[in-house]
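Take a look at the structure set out below.
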Amino acid sequence: MKKAATFVLGVAIAVATGAAMFGGGTEAKSLSITSSKFSGAKANTGMVTYAKDGAKHTLTLSDDFKTPDTPDPHWMVIDANGTTYLLDRLMLKGDRLSKTITLPAYINNVAKVEIYCAWAEANLGEAAFATPVSLK
């Protein structure tokens with residue numbers, strides 16, 4: 001009887017370990033990482049948080065972020081290789097702030113987030129992650 005109990009316990013541990021290693025568990029696959037504070041000429045308050053919920057990757061500005069007073073601020077992402085991705089406008093119609101953006105599938109990682117003025121072609125401020133966030 002003792003050998004059978006030991007065998008059953010061993011199988012249970014192996015199944016649990018295998019499920020954890022291969023993502024077979026039922027827990028939600030979510031992650032959240034916060035950047036450093038924005039630093040720059042016009043965007044120098046607040047931070048940005050990367051979040052993963054399933055297959056969806058988003059960036060969200062903190063509540064203390066102040067929208068820069070410039071004509072055309074945009075989200076810009078810089079990956080670990082220095083490749084820049086100019087994304088959507090920060091301001092929407094009716095002067096609403098686009099506080100959250102979903103990252104496109106072609107971006108592999110995020111090292112920094114810039115607030116970029118497309119009209120003046122200028123970096124208004126940037127926030128960096130301690131280590132690049134992998135999206136793959």
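Residues are referred to by chain and number: the chain letter is A, B, ... according to the order shown in the structure tokens, the number counts from 1 in that chain, and ligands are numbered separately from 1 in the order shown.
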Practice task
Pick out the residues sitting within 7 Å of Ile78 (chain A), and hand them over as number ranges by chain; count only C-alpha atoms, and ignore anything fewer than 5 positions along from it in its own chain.
Solution key: A: 83-85, 110-113
Problem - Near-region 120-133 of chain A list (9 Å; only C-alpha atoms; drop same-chain fewer than 3 positions) as a VMD selection string - result: chain A and resid 33 to 44 46 to 48 50 68 70 to 73 79 to 80 108 to 117
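Rounded to one decimal, CA of Ser134 (chain A) and CA of Asp64 (chain A) lie 25.8 Å from each other.
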Problem - Nearest residue to Ile101 (chain A) from the set A:Asp63, A:Thr49, A:Lys136, A:Gly82 (distances using only C-alpha atoms) - result: A:Thr49
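Those residues of region 18-95 of chain A that DSSP, working from the backbone, places in helix (DSSP H, G or I) are A:Gly18, A:Ala19, A:Ala20, A:Met21.
What separates CA of Lys66 (chain A) from CA of Lys93 (chain A) is a distance of 17.6 Å.
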Handout entry: Selected residue of minimal separation from Thr67 (chain A) among A:Ala55, A:Leu92, A:Leu97, A:Leu87, counting only C-alpha atoms
Key = A:Leu97
Handout entry: Among the residues A:Leu31, A:Leu90, A:Leu59, A:Leu135, the one that comes closest to Tyr106 (chain A) [using only C-alpha atoms]
Key = A:Leu135
Might you pull out every residue within 7 Å of His57 (chain A), with only C-alpha atoms counted and same-chain residues fewer than 2 positions away left off, and present them as a short mmCIF file (atom, residue, chain, number, x, y, z; two decimals) with N, CA, C and O atoms, in the first residue's frame?
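This is the output file out-v4.cif:
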```cif
data_model
loop_
_atom_site.label_atom_id
_atom_site.label_comp_id
_atom_site.auth_asym_id
_atom_site.auth_seq_id
_atom_site.Cartn_x
_atom_site.Cartn_y
_atom_site.Cartn_z
N ALA A 51 1.05 46.20 -19.91
CA ALA A 51 0.23 45.11 -19.39
C ALA A 51 -0.01 44.08 -20.48
O ALA A 51 -0.19 44.43 -21.65
N LYS A 52 0.00 42.83 -20.08
CA LYS A 52 -0.33 41.73 -20.98
C LYS A 52 -1.51 41.00 -20.38
O LYS A 52 -1.49 40.61 -19.23
N ASP A 53 -2.54 40.85 -21.19
CA ASP A 53 -3.71 40.10 -20.77
C ASP A 53 -4.03 39.13 -21.89
O ASP A 53 -4.57 39.53 -22.93
N ALA A 55 -3.35 37.50 -25.11
CA ALA A 55 -2.52 37.87 -26.26
C ALA A 55 -2.49 39.38 -26.49
O ALA A 55 -1.84 39.85 -27.42
N THR A 102 -3.12 49.80 -27.60
CA THR A 102 -2.81 48.39 -27.82
C THR A 102 -1.66 48.32 -28.81
O THR A 102 -1.70 48.94 -29.87
N LEU A 103 -0.63 47.58 -28.46
CA LEU A 103 0.56 47.49 -29.31
C LEU A 103 0.32 46.55 -30.49
O LEU A 103 -0.26 45.47 -30.32
#
```
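CA of Leu86 (chain A) to CA of Ser32 (chain A) spans 22.4 Å [interatomic distance, one decimal].
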Practice task
Run DSSP on the backbone and give me the residues of region 21-106 of chain A it puts in strand (DSSP E), as a PyMOL selection string.
Solution key: chain A and resi 30-34+48-53+56-61+73-78+84-89+91-92+96-97+100-102
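Shell of Thr100 (chain A) at 9 Å, with only C-alpha atoms counted and residues fewer than 6 places along the chain excluded, is Thr58, Leu59, Thr60 and Leu61 of chain A.
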Same residues, N, CA, C and O atoms, saved as a PDB file, in the first residue's frame:
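Written out: selection.pdb:
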```
ATOM      1  N   THR A  58      -0.737  46.064 -23.962  1.00  0.00           N
ATOM      2  CA  THR A  58      -1.137  47.467 -23.920  1.00  0.00           C
ATOM      3  C   THR A  58      -0.134  48.311 -23.140  1.00  0.00           C
ATOM      4  O   THR A  58       0.607  47.806 -22.302  1.00  0.00           O
ATOM      5  N   LEU A  59      -0.160  49.612 -23.442  1.00  0.00           N
ATOM      6  CA  LEU A  59       0.559  50.614 -22.664  1.00  0.00           C
ATOM      7  C   LEU A  59      -0.483  51.584 -22.129  1.00  0.00           C
ATOM      8  O   LEU A  59      -1.379  52.001 -22.867  1.00  0.00           O
ATOM      9  N   THR A  60      -0.358  51.965 -20.854  1.00  0.00           N
ATOM     10  CA  THR A  60      -1.313  52.882 -20.232  1.00  0.00           C
ATOM     11  C   THR A  60      -0.554  53.951 -19.469  1.00  0.00           C
ATOM     12  O   THR A  60       0.360  53.647 -18.692  1.00  0.00           O
ATOM     13  N   LEU A  61      -0.935  55.197 -19.692  1.00  0.00           N
ATOM     14  CA  LEU A  61      -0.342  56.327 -18.976  1.00  0.00           C
ATOM     15  C   LEU A  61      -0.914  56.408 -17.570  1.00  0.00           C
ATOM     16  O   LEU A  61      -2.105  56.140 -17.362  1.00  0.00           O
TER      17      LEU A  61
END
```
